[in-house]
$ cat model.cif   # mmCIF, C-alpha atoms and all ligand atoms
data_run
loop_
_atom_site.label_atom_id
_atom_site.label_comp_id
_atom_site.auth_asym_id
_atom_site.auth_seq_id
_atom_site.Cartn_x
_atom_site.Cartn_y
_atom_site.Cartn_z
CA MET A 1 115.35 37.36 71.57
CA ARG A 2 119.11 36.94 71.53
CA SER A 3 120.87 38.27 68.47
CA GLU A 4 123.13 35.95 66.53
CA PRO A 5 126.81 36.35 67.39
CA THR A 6 128.40 38.61 64.83
CA GLY A 7 131.95 37.69 64.00
CA PRO A 8 134.72 40.21 64.40
CA ARG A 9 135.71 42.29 61.39
CA VAL A 10 138.85 44.20 60.53
CA ALA A 11 138.71 47.82 61.69
CA THR A 12 138.87 50.54 59.05
CA ALA A 13 141.63 53.16 58.83
CA LEU A 14 139.18 55.73 60.26
CA GLU A 15 138.38 53.50 63.22
CA ILE A 16 142.10 52.92 63.84
CA ARG A 17 142.71 56.67 64.00
CA ASP A 18 139.71 57.11 66.27
CA VAL A 19 140.42 54.46 68.91
CA VAL A 20 144.22 54.15 69.08
CA VAL A 21 146.50 56.76 70.69
CA ILE A 22 150.11 56.36 69.56
CA GLN A 23 153.02 57.94 71.45
CA PRO A 24 154.04 61.12 69.62
CA ARG A 25 157.60 60.08 68.79
CA PRO A 26 159.22 60.84 65.46
CA GLY A 27 157.88 58.47 62.80
CA LEU A 28 155.98 56.29 65.24
CA PRO A 29 152.32 57.28 64.67
CA ALA A 30 152.66 56.90 60.87
CA LEU A 31 154.48 53.58 61.24
CA ILE A 32 151.86 52.03 63.52
CA GLU A 33 148.77 53.46 61.80
CA ASP A 34 150.08 52.19 58.48
CA ALA A 35 151.01 48.77 59.92
CA LEU A 36 147.61 48.36 61.61
CA THR A 37 145.86 49.32 58.38
CA ARG A 38 147.89 47.06 56.08
CA SER A 39 147.90 44.04 58.42
CA GLY A 40 144.24 44.14 59.45
CA ALA A 41 145.49 43.51 62.99
CA LEU A 42 142.88 45.71 64.70
CA LEU A 43 139.56 43.86 64.97
CA ARG A 44 136.19 45.31 65.87
CA GLY A 45 133.68 43.05 67.62
CA HIS A 46 132.89 41.92 71.16
CA PHE A 47 135.82 40.41 73.00
CA GLY A 48 136.67 39.25 76.50
CA LEU A 49 140.06 40.23 77.90
CA GLN A 50 142.07 38.14 80.36
CA VAL A 51 141.51 40.77 83.05
CA GLY A 52 137.75 40.07 82.85
CA LYS A 53 136.76 43.22 80.97
CA HIS A 54 134.97 43.34 77.64
CA THR A 55 136.30 45.35 74.73
CA GLU A 56 134.99 46.43 71.34
CA TYR A 57 138.42 46.27 69.69
CA PHE A 58 141.26 43.78 69.82
CA ILE A 59 144.82 43.97 68.44
CA ARG A 60 146.06 40.71 66.92
CA PHE A 61 149.73 41.38 67.51
CA ARG A 62 150.72 38.25 65.58
CA ALA A 63 149.28 39.78 62.41
CA LEU A 64 151.39 42.93 62.92
CA ALA A 65 154.52 40.98 63.77
CA ARG A 66 154.43 38.98 60.53
CA ASP A 67 155.97 42.06 58.89
CA GLU A 68 159.56 41.77 60.08
CA ALA A 69 160.36 45.40 59.28
CA VAL A 70 157.43 46.56 61.42
CA LEU A 71 158.41 44.24 64.27
CA ALA A 72 162.02 45.46 64.13
CA ALA A 73 160.86 49.10 64.17
CA ILE A 74 158.59 48.45 67.17
CA ALA A 75 161.49 46.79 69.03
CA GLY A 76 163.77 49.70 68.13
CA HIS A 77 161.32 52.28 69.49
CA LEU A 78 160.99 50.37 72.78
CA LEU A 79 164.77 49.97 73.14
CA ALA A 80 165.23 53.70 72.54
CA THR A 81 163.52 54.27 75.90
CA VAL A 82 164.59 51.27 77.98
CA SER A 83 167.88 49.57 77.24
CA ILE A 84 168.20 45.86 77.93
CA PRO A 85 171.67 45.10 79.33
CA ALA A 86 173.64 42.22 77.86
CA GLY A 87 173.39 39.45 80.42
CA ALA A 88 169.73 40.23 81.01
CA THR A 89 166.94 37.77 80.35
CA VAL A 90 163.86 38.77 78.36
CA LEU A 91 160.89 36.92 79.90
CA VAL A 92 157.75 36.42 77.81
CA ALA A 93 154.70 34.18 77.95
CA GLU A 94 153.95 31.54 75.35
CA SER A 95 151.69 33.95 73.46
CA ALA A 96 151.82 36.61 70.74
CA GLY A 97 154.12 38.53 73.11
CA TYR A 98 156.78 35.94 72.27
CA PHE A 99 157.37 37.59 68.90
CA LEU A 100 158.12 40.95 70.49
CA GLY A 101 160.30 39.32 73.14
CA GLU A 102 162.30 37.50 70.51
CA ALA A 103 162.80 40.72 68.50
CA LEU A 104 163.99 42.55 71.64
CA ARG A 105 166.31 39.68 72.56
CA ALA A 106 167.82 39.62 69.07
CA ARG A 107 168.55 43.37 69.13
CA SER A 108 169.94 43.48 72.67
CA GLY A 109 171.96 40.28 72.96
CA ALA A 110 169.94 39.22 75.99
CA ALA A 111 168.74 35.67 76.65
CA LEU A 112 165.11 34.63 76.21
CA ALA A 113 162.96 32.68 78.64
CA VAL A 114 159.39 31.63 77.79
CA ALA A 115 156.76 31.00 80.46
CA ARG A 116 154.08 28.36 79.95
CA THR A 117 150.49 29.53 79.68
CA ASP A 118 147.53 27.91 81.40
CA VAL A 119 144.31 26.80 79.71
CA GLU A 120 143.02 30.37 79.85
CA ARG A 121 146.17 31.58 78.09
CA ARG A 122 147.49 33.32 81.19
CA PRO A 123 151.20 32.95 81.97
CA ALA A 124 151.80 30.12 84.42
CA ARG A 125 154.55 30.08 87.03
CA SER A 126 156.88 27.70 85.16
CA LEU A 127 159.18 27.97 82.17
CA LEU A 128 158.63 26.26 78.83
CA HIS A 129 161.98 27.32 77.41
CA GLY A 130 165.17 28.97 78.66
CA ALA A 131 166.25 29.72 82.20
CA ILE A 132 166.36 32.62 84.64
CA ALA A 133 169.64 32.95 86.51
CA PRO A 134 169.40 34.01 90.17
CA GLY A 135 170.39 37.67 90.46
CA ALA A 136 170.13 38.28 86.71
CA PRO A 137 168.25 41.34 85.50
CA VAL A 138 164.96 40.37 83.85
CA VAL A 139 162.85 42.43 81.45
CA VAL A 140 159.25 41.23 81.11
CA VAL A 141 157.66 41.68 77.70
CA ASN A 142 154.16 41.27 76.31
CA ASP A 143 152.30 42.39 73.21
CA VAL A 144 149.20 44.17 74.55
CA VAL A 145 148.14 44.53 78.18
CA THR A 146 145.36 46.53 79.83
CA THR A 147 147.00 47.84 83.02
CA GLY A 148 149.78 45.26 83.09
CA ALA A 149 148.11 43.07 85.75
CA SER A 150 148.57 40.19 83.30
CA LEU A 151 152.35 40.62 83.72
CA GLU A 152 152.16 39.68 87.40
CA PRO A 153 152.64 35.92 86.87
CA LEU A 154 155.85 36.76 84.98
CA LEU A 155 157.01 39.00 87.84
CA ASP A 156 156.26 36.18 90.30
CA LEU A 157 158.10 33.67 88.14
CA ALA A 158 161.22 35.88 88.07
CA ALA A 159 160.98 36.40 91.84
CA ASP A 160 160.69 32.61 92.37
CA ALA A 161 164.00 32.27 90.49
CA GLY A 162 165.67 34.91 92.67
CA ALA A 163 165.97 37.32 89.75
CA THR A 164 165.26 41.05 89.71
CA VAL A 165 162.79 42.43 87.19
CA THR A 166 164.10 45.81 86.07
CA ALA A 167 161.64 46.76 83.34
CA ALA A 168 158.39 45.93 81.55
CA LEU A 169 158.10 46.56 77.82
CA VAL A 170 154.83 46.15 75.94
CA PHE A 171 153.65 47.20 72.50
CA GLY A 172 150.30 48.39 73.81
CA ALA A 173 148.90 49.26 77.24
CA LEU A 174 145.20 49.91 76.67
CA ASP A 175 144.92 51.70 80.02
CA GLY A 176 148.10 53.77 79.77
CA THR A 177 147.49 55.53 83.09
CA GLY A 178 146.97 52.21 84.84
CA PHE A 179 150.12 50.80 83.25
CA ARG A 180 152.25 53.75 84.38
CA ALA A 181 150.80 53.38 87.89
CA MET A 182 151.74 49.66 87.89
CA LEU A 183 155.30 50.53 86.84
CA ASN A 184 155.58 53.13 89.62
CA ARG A 185 154.14 50.76 92.22
CA ARG A 186 156.57 48.03 91.20
CA ARG A 187 159.47 50.50 90.75
CA LEU A 188 160.02 49.27 87.21
CA ALA A 189 161.28 51.08 84.15
CA GLY A 190 158.99 50.50 81.21
CA ASP A 191 157.45 51.69 78.01
CA HIS A 192 154.44 51.22 75.76
CA LEU A 193 153.89 52.59 72.28
CA LEU A 194 150.13 52.87 72.14
CA GLU A 195 147.03 52.99 74.29
CA ALA A 196 143.26 53.04 73.81
CA SER A 197 141.53 56.38 73.25
CA PRO A 198 138.30 57.26 75.10
CA ALA A 199 136.48 56.10 71.93
CA TRP A 200 137.65 52.48 72.53
CA PRO A 201 135.11 50.95 74.95
CA ILE A 202 136.64 48.67 77.61
CA THR A 203 134.05 47.88 80.28
CA ASP A 204 133.02 45.49 83.01
CA PRO A 205 130.69 42.82 81.61
CA SER A 206 127.87 44.23 83.77
CA ARG A 207 128.11 47.55 81.88
CA CYS A 208 128.91 46.16 78.42
CA ALA A 209 126.56 47.43 75.70
CA ALA A 210 127.16 44.39 73.49
CA CYS A 211 126.32 42.00 76.35
CA ALA A 212 123.18 44.03 77.06
CA ALA A 213 122.21 43.57 73.41
CA GLY A 214 122.49 39.79 73.86
CA SER A 215 125.70 39.22 71.92
CA PRO A 216 128.08 36.68 73.50
CA PRO A 217 131.71 37.83 73.70
CA LEU A 218 134.58 35.90 72.17
CA LEU A 219 136.46 34.51 75.16
CA PRO A 220 139.37 34.72 75.58
CA ALA A 221 140.25 37.09 72.79
CA ALA A 222 143.93 36.09 73.05
CA GLU A 223 143.09 32.97 71.06
CA LEU A 224 142.55 35.16 68.01
CA ASN A 225 146.31 35.61 67.85
ZN ZN A 301 130.29 42.17 76.73
#

$ encode --input "model.cif" --output "structure tokens"
Amino acid sequence: MRSEPTGPRVATALEIRDVVVIQPRPGLPALIEDALTRSGALLRGHFGLQVGKHTEYFIRFRALARDEAVLAAIAGHLLATVSIPAGATVLVAESAGYFLGEALRARSGAALAVARTDVERRPARSLLHGAIAPGAPVVVVNDVVTTGASLEPLLDLAADAGATVTAALVFGALDGTGFRAMLNRRRLAGDHLLEASPAWPITDPSRCAACAAGSPPLLPAAELN
């Protein structure tokens, strides 16, 4: 017998501390733990990610970004590692990553370009807003990625325009090792502020405990934003 789908619920402060690893920079772990707790942005349930994996937790970045002070602090921490030159274009998808891109643009004086998303909420290879100048440096931005494979349509879009992507900035990279490997492979600067701990299950559907128990995943989880 299939169990009824159980809706996602907000993760507790204990669960947040258990499943999220925050970069050990001054003030950052307290800022993010507190913001995740107050906003209820970390959900526990059974979710499908764009990369095809299933996950027990999901960060609704939009809920975090509603607090402008938190969003500004997140942008400040990212810009402390990777500066965005004036004259650069910040490229985001039409998704919750837009809010981080806009905050980074506002603090750096860069321009903003927004890529369309397809029906599955993946970035498409055309712009909804803004422009990318040939030869201009481009910084791609998103809220939460797994390894950063979801950034590839943005990298392709910049390449189509004859621009050079210099960096990738994301709030979270759930697979931090995979994200760093993607940056190295692409020769990009980049940064992320948090990743998933080993206690945060991210699995192939064939090995997903919730699927095995008959619970259908919420697909795609990005719609929760
Ligand atoms: Zn599953």

$ closest_residue --input "model.cif" --among "A:Ile74, A:Leu14, A:Met182, A:Ala213" --to "ligand ZN 301 (chain A)" --atoms "all atoms listed in the file"
A:Ala213

$ residues_around --input "model.cif" --residues "A:Ser95" --least-positions-apart "4" --cutoff "12 Å" --atoms "all atoms listed in the file" --output "list in words"
Arg60, Phe61, Arg62, Leu91, Phe99, Leu100, Gly101, Glu102, Val114, Ala115, Arg116, Thr117, Asp118, Glu120, Arg121, Arg122, Pro123, Ala124, Leu128, Val141, Asn142, Asp143, Val144, Ala221, Ala222, Glu223, Leu224 and Asn225 of chain A

$ residues_near_ligand --input "model.cif" --ligand "ligand ZN 301 (chain A)" --cutoff "12 Å" --atoms "all atoms listed in the file" --output "number ranges by chain"
A: 5, 45-49, 52-57, 201-221

$ residues_around --input "model.cif" --residues "A:Pro26" --least-positions-apart "4" --cutoff "12 Å" --atoms "all atoms listed in the file" --output "list in words"
Ile22, Ala30, Leu31, Ile32, Ala73, His77, Ala80 and Leu193 of chain A

$ atom_distance --input "model.cif" --atom1 "atom CA of A:Asp175" --atom2 "atom CA of A:Val92"
20.1 Å

$ closest_residue --input "model.cif" --among "A:Ala136, A:Val145, A:Ala167, A:Ala86" --to "A:Ala196" --atoms "all atoms listed in the file"
A:Val145

$ atom_distance --input "model.cif" --atom1 "atom CA of A:Pro24" --atom2 "atom CA of A:Val139"
23.8 Å

$ closest_residue --input "model.cif" --among "A:Val82, A:Ala113, A:Phe58, A:Glu195" --to "A:Ala168" --atoms "only C-alpha atoms"
A:Val82

$ residues_around --input "model.cif" --residues "A:Ala159" --least-positions-apart "5" --cutoff "12 Å" --atoms "all atoms listed in the file" --output "PyMOL selection string"
chain A and resi 91+125-126+132-138+140+152-154+164-166

$ residues_around --input "model.cif" --residues "A:Ala111" --least-positions-apart "3" --cutoff "9 Å" --atoms "all atoms listed in the file" --output "MDAnalysis selection string"
chainID A and resid 86:91 105:106 108 130:132

$ atom_distance --input "model.cif" --atom1 "atom CA of A:Ser150" --atom2 "atom CA of A:Glu33"
25.3 Å

$ axis_aligned_box --input "model.cif" --around "stretch 181-198 of chain A" --padding-each-side "4 Å" --output "JSON"
{"center_x": 149.8, "center_y": 52.6, "center_z": 82.2, "size_x": 31.0, "size_y": 17.2, "size_z": 28.1}

$ decode --input "model.cif" --residues "stretch 92-135 of chain A" --atoms "N, CA and C atoms" --output "PDB file, in the first residue's frame"
ATOM      1  N   VAL A  92      21.720  35.958 -13.894  1.00  0.00           N
ATOM      2  CA  VAL A  92      20.932  35.053 -13.052  1.00  0.00           C
ATOM      3  C   VAL A  92      19.837  34.431 -13.899  1.00  0.00           C
ATOM      4  N   ALA A  93      19.200  33.392 -13.354  1.00  0.00           N
ATOM      5  CA  ALA A  93      18.003  32.845 -13.992  1.00  0.00           C
ATOM      6  C   ALA A  93      16.778  33.489 -13.346  1.00  0.00           C
ATOM      7  N   GLU A  94      15.661  33.371 -14.034  1.00  0.00           N
ATOM      8  CA  GLU A  94      14.394  33.880 -13.514  1.00  0.00           C
ATOM      9  C   GLU A  94      13.929  32.888 -12.434  1.00  0.00           C
ATOM     10  N   SER A  95      14.490  33.049 -11.227  1.00  0.00           N
ATOM     11  CA  SER A  95      14.259  32.072 -10.160  1.00  0.00           C
ATOM     12  C   SER A  95      14.586  32.777  -8.854  1.00  0.00           C
ATOM     13  N   ALA A  96      14.600  32.035  -7.751  1.00  0.00           N
ATOM     14  CA  ALA A  96      14.933  32.657  -6.462  1.00  0.00           C
ATOM     15  C   ALA A  96      16.352  33.231  -6.481  1.00  0.00           C
ATOM     16  N   GLY A  97      17.210  32.718  -7.373  1.00  0.00           N
ATOM     17  CA  GLY A  97      18.559  33.254  -7.495  1.00  0.00           C
ATOM     18  C   GLY A  97      18.577  34.710  -7.929  1.00  0.00           C
ATOM     19  N   TYR A  98      17.464  35.162  -8.525  1.00  0.00           N
ATOM     20  CA  TYR A  98      17.360  36.563  -8.945  1.00  0.00           C
ATOM     21  C   TYR A  98      17.605  37.506  -7.766  1.00  0.00           C
ATOM     22  N   PHE A  99      17.063  37.153  -6.612  1.00  0.00           N
ATOM     23  CA  PHE A  99      17.148  38.066  -5.460  1.00  0.00           C
ATOM     24  C   PHE A  99      18.588  38.238  -5.012  1.00  0.00           C
ATOM     25  N   LEU A 100      19.368  37.146  -5.068  1.00  0.00           N
ATOM     26  CA  LEU A 100      20.786  37.259  -4.721  1.00  0.00           C
ATOM     27  C   LEU A 100      21.534  38.037  -5.808  1.00  0.00           C
ATOM     28  N   GLY A 101      21.210  37.778  -7.061  1.00  0.00           N
ATOM     29  CA  GLY A 101      21.854  38.499  -8.151  1.00  0.00           C
ATOM     30  C   GLY A 101      21.615  39.992  -8.061  1.00  0.00           C
ATOM     31  N   GLU A 102      20.376  40.361  -7.750  1.00  0.00           N
ATOM     32  CA  GLU A 102      20.044  41.778  -7.640  1.00  0.00           C
ATOM     33  C   GLU A 102      20.803  42.428  -6.467  1.00  0.00           C
ATOM     34  N   ALA A 103      20.923  41.713  -5.354  1.00  0.00           N
ATOM     35  CA  ALA A 103      21.655  42.257  -4.204  1.00  0.00           C
ATOM     36  C   ALA A 103      23.140  42.435  -4.542  1.00  0.00           C
ATOM     37  N   LEU A 104      23.705  41.485  -5.279  1.00  0.00           N
ATOM     38  CA  LEU A 104      25.122  41.582  -5.672  1.00  0.00           C
ATOM     39  C   LEU A 104      25.317  42.709  -6.678  1.00  0.00           C
ATOM     40  N   ARG A 105      24.371  42.858  -7.609  1.00  0.00           N
ATOM     41  CA  ARG A 105      24.449  43.949  -8.578  1.00  0.00           C
ATOM     42  C   ARG A 105      24.408  45.301  -7.858  1.00  0.00           C
ATOM     43  N   ALA A 106      23.487  45.426  -6.906  1.00  0.00           N
ATOM     44  CA  ALA A 106      23.306  46.710  -6.225  1.00  0.00           C
ATOM     45  C   ALA A 106      24.556  47.097  -5.444  1.00  0.00           C
ATOM     46  N   ARG A 107      25.263  46.123  -4.883  1.00  0.00           N
ATOM     47  CA  ARG A 107      26.452  46.426  -4.077  1.00  0.00           C
ATOM     48  C   ARG A 107      27.703  46.603  -4.911  1.00  0.00           C
ATOM     49  N   SER A 108      27.695  46.152  -6.166  1.00  0.00           N
ATOM     50  CA  SER A 108      28.926  46.185  -6.958  1.00  0.00           C
ATOM     51  C   SER A 108      28.872  47.199  -8.087  1.00  0.00           C
ATOM     52  N   GLY A 109      27.679  47.705  -8.418  1.00  0.00           N
ATOM     53  CA  GLY A 109      27.567  48.622  -9.542  1.00  0.00           C
ATOM     54  C   GLY A 109      27.584  47.923 -10.883  1.00  0.00           C
ATOM     55  N   ALA A 110      27.466  46.606 -10.880  1.00  0.00           N
ATOM     56  CA  ALA A 110      27.423  45.857 -12.137  1.00  0.00           C
ATOM     57  C   ALA A 110      26.042  45.994 -12.764  1.00  0.00           C
ATOM     58  N   ALA A 111      25.897  45.469 -13.983  1.00  0.00           N
ATOM     59  CA  ALA A 111      24.584  45.388 -14.627  1.00  0.00           C
ATOM     60  C   ALA A 111      23.981  44.022 -14.319  1.00  0.00           C
ATOM     61  N   LEU A 112      22.669  43.901 -14.540  1.00  0.00           N
ATOM     62  CA  LEU A 112      22.002  42.625 -14.281  1.00  0.00           C
ATOM     63  C   LEU A 112      21.352  42.119 -15.562  1.00  0.00           C
ATOM     64  N   ALA A 113      21.539  40.851 -15.845  1.00  0.00           N
ATOM     65  CA  ALA A 113      20.834  40.205 -16.954  1.00  0.00           C
ATOM     66  C   ALA A 113      20.128  38.973 -16.390  1.00  0.00           C
ATOM     67  N   VAL A 114      18.891  38.758 -16.834  1.00  0.00           N
ATOM     68  CA  VAL A 114      18.075  37.663 -16.309  1.00  0.00           C
ATOM     69  C   VAL A 114      17.744  36.697 -17.444  1.00  0.00           C
ATOM     70  N   ALA A 115      18.097  35.434 -17.254  1.00  0.00           N
ATOM     71  CA  ALA A 115      17.794  34.407 -18.253  1.00  0.00           C
ATOM     72  C   ALA A 115      16.382  33.876 -18.028  1.00  0.00           C
ATOM     73  N   ARG A 116      15.704  33.572 -19.130  1.00  0.00           N
ATOM     74  CA  ARG A 116      14.403  32.891 -19.019  1.00  0.00           C
ATOM     75  C   ARG A 116      14.601  31.514 -18.419  1.00  0.00           C
ATOM     76  N   THR A 117      13.512  30.953 -17.853  1.00  0.00           N
ATOM     77  CA  THR A 117      13.567  29.553 -17.431  1.00  0.00           C
ATOM     78  C   THR A 117      12.556  28.770 -18.245  1.00  0.00           C
ATOM     79  N   ASP A 118      12.860  27.484 -18.447  1.00  0.00           N
ATOM     80  CA  ASP A 118      11.947  26.638 -19.213  1.00  0.00           C
ATOM     81  C   ASP A 118      10.859  26.095 -18.287  1.00  0.00           C
ATOM     82  N   VAL A 119       9.991  25.238 -18.827  1.00  0.00           N
ATOM     83  CA  VAL A 119       8.854  24.753 -18.028  1.00  0.00           C
ATOM     84  C   VAL A 119       9.312  23.957 -16.810  1.00  0.00           C
ATOM     85  N   GLU A 120      10.523  23.436 -16.853  1.00  0.00           N
ATOM     86  CA  GLU A 120      11.025  22.695 -15.686  1.00  0.00           C
ATOM     87  C   GLU A 120      11.868  23.587 -14.789  1.00  0.00           C
ATOM     88  N   ARG A 121      11.757  24.892 -14.979  1.00  0.00           N
ATOM     89  CA  ARG A 121      12.419  25.900 -14.161  1.00  0.00           C
ATOM     90  C   ARG A 121      13.929  25.902 -14.324  1.00  0.00           C
ATOM     91  N   ARG A 122      14.408  25.311 -15.403  1.00  0.00           N
ATOM     92  CA  ARG A 122      15.849  25.389 -15.682  1.00  0.00           C
ATOM     93  C   ARG A 122      16.118  26.630 -16.515  1.00  0.00           C
ATOM     94  N   PRO A 123      17.286  27.258 -16.352  1.00  0.00           N
ATOM     95  CA  PRO A 123      17.588  28.423 -17.179  1.00  0.00           C
ATOM     96  C   PRO A 123      17.571  28.029 -18.658  1.00  0.00           C
ATOM     97  N   ALA A 124      16.959  28.858 -19.478  1.00  0.00           N
ATOM     98  CA  ALA A 124      16.975  28.641 -20.917  1.00  0.00           C
ATOM     99  C   ALA A 124      18.093  29.491 -21.513  1.00  0.00           C
ATOM    100  N   ARG A 125      18.299  29.339 -22.837  1.00  0.00           N
ATOM    101  CA  ARG A 125      19.454  30.012 -23.432  1.00  0.00           C
ATOM    102  C   ARG A 125      19.062  31.345 -24.046  1.00  0.00           C
ATOM    103  N   SER A 126      18.116  32.062 -23.419  1.00  0.00           N
ATOM    104  CA  SER A 126      17.758  33.393 -23.910  1.00  0.00           C
ATOM    105  C   SER A 126      17.465  34.300 -22.718  1.00  0.00           C
ATOM    106  N   LEU A 127      17.594  35.601 -22.963  1.00  0.00           N
ATOM    107  CA  LEU A 127      17.451  36.575 -21.878  1.00  0.00           C
ATOM    108  C   LEU A 127      16.030  37.108 -21.798  1.00  0.00           C
ATOM    109  N   LEU A 128      15.555  37.246 -20.568  1.00  0.00           N
ATOM    110  CA  LEU A 128      14.253  37.858 -20.302  1.00  0.00           C
ATOM    111  C   LEU A 128      14.429  39.360 -20.113  1.00  0.00           C
ATOM    112  N   HIS A 129      15.570  39.745 -19.558  1.00  0.00           N
ATOM    113  CA  HIS A 129      15.795  41.133 -19.168  1.00  0.00           C
ATOM    114  C   HIS A 129      17.293  41.425 -19.240  1.00  0.00           C
ATOM    115  N   GLY A 130      17.646  42.641 -19.651  1.00  0.00           N
ATOM    116  CA  GLY A 130      19.045  43.044 -19.669  1.00  0.00           C
ATOM    117  C   GLY A 130      19.757  42.555 -20.915  1.00  0.00           C
ATOM    118  N   ALA A 131      21.059  42.741 -20.932  1.00  0.00           N
ATOM    119  CA  ALA A 131      21.854  42.376 -22.100  1.00  0.00           C
ATOM    120  C   ALA A 131      23.237  41.947 -21.625  1.00  0.00           C
ATOM    121  N   ILE A 132      23.901  41.165 -22.457  1.00  0.00           N
ATOM    122  CA  ILE A 132      25.293  40.780 -22.178  1.00  0.00           C
ATOM    123  C   ILE A 132      26.141  41.336 -23.317  1.00  0.00           C
ATOM    124  N   ALA A 133      27.081  42.217 -22.967  1.00  0.00           N
ATOM    125  CA  ALA A 133      27.913  42.832 -23.997  1.00  0.00           C
ATOM    126  C   ALA A 133      29.037  41.877 -24.368  1.00  0.00           C
ATOM    127  N   PRO A 134      29.323  41.729 -25.676  1.00  0.00           N
ATOM    128  CA  PRO A 134      30.450  40.878 -26.083  1.00  0.00           C
ATOM    129  C   PRO A 134      31.740  41.352 -25.401  1.00  0.00           C
ATOM    130  N   GLY A 135      32.486  40.411 -24.856  1.00  0.00           N
ATOM    131  CA  GLY A 135      33.748  40.748 -24.209  1.00  0.00           C
ATOM    132  C   GLY A 135      33.619  41.186 -22.764  1.00  0.00           C
TER     133      GLY A 135
END
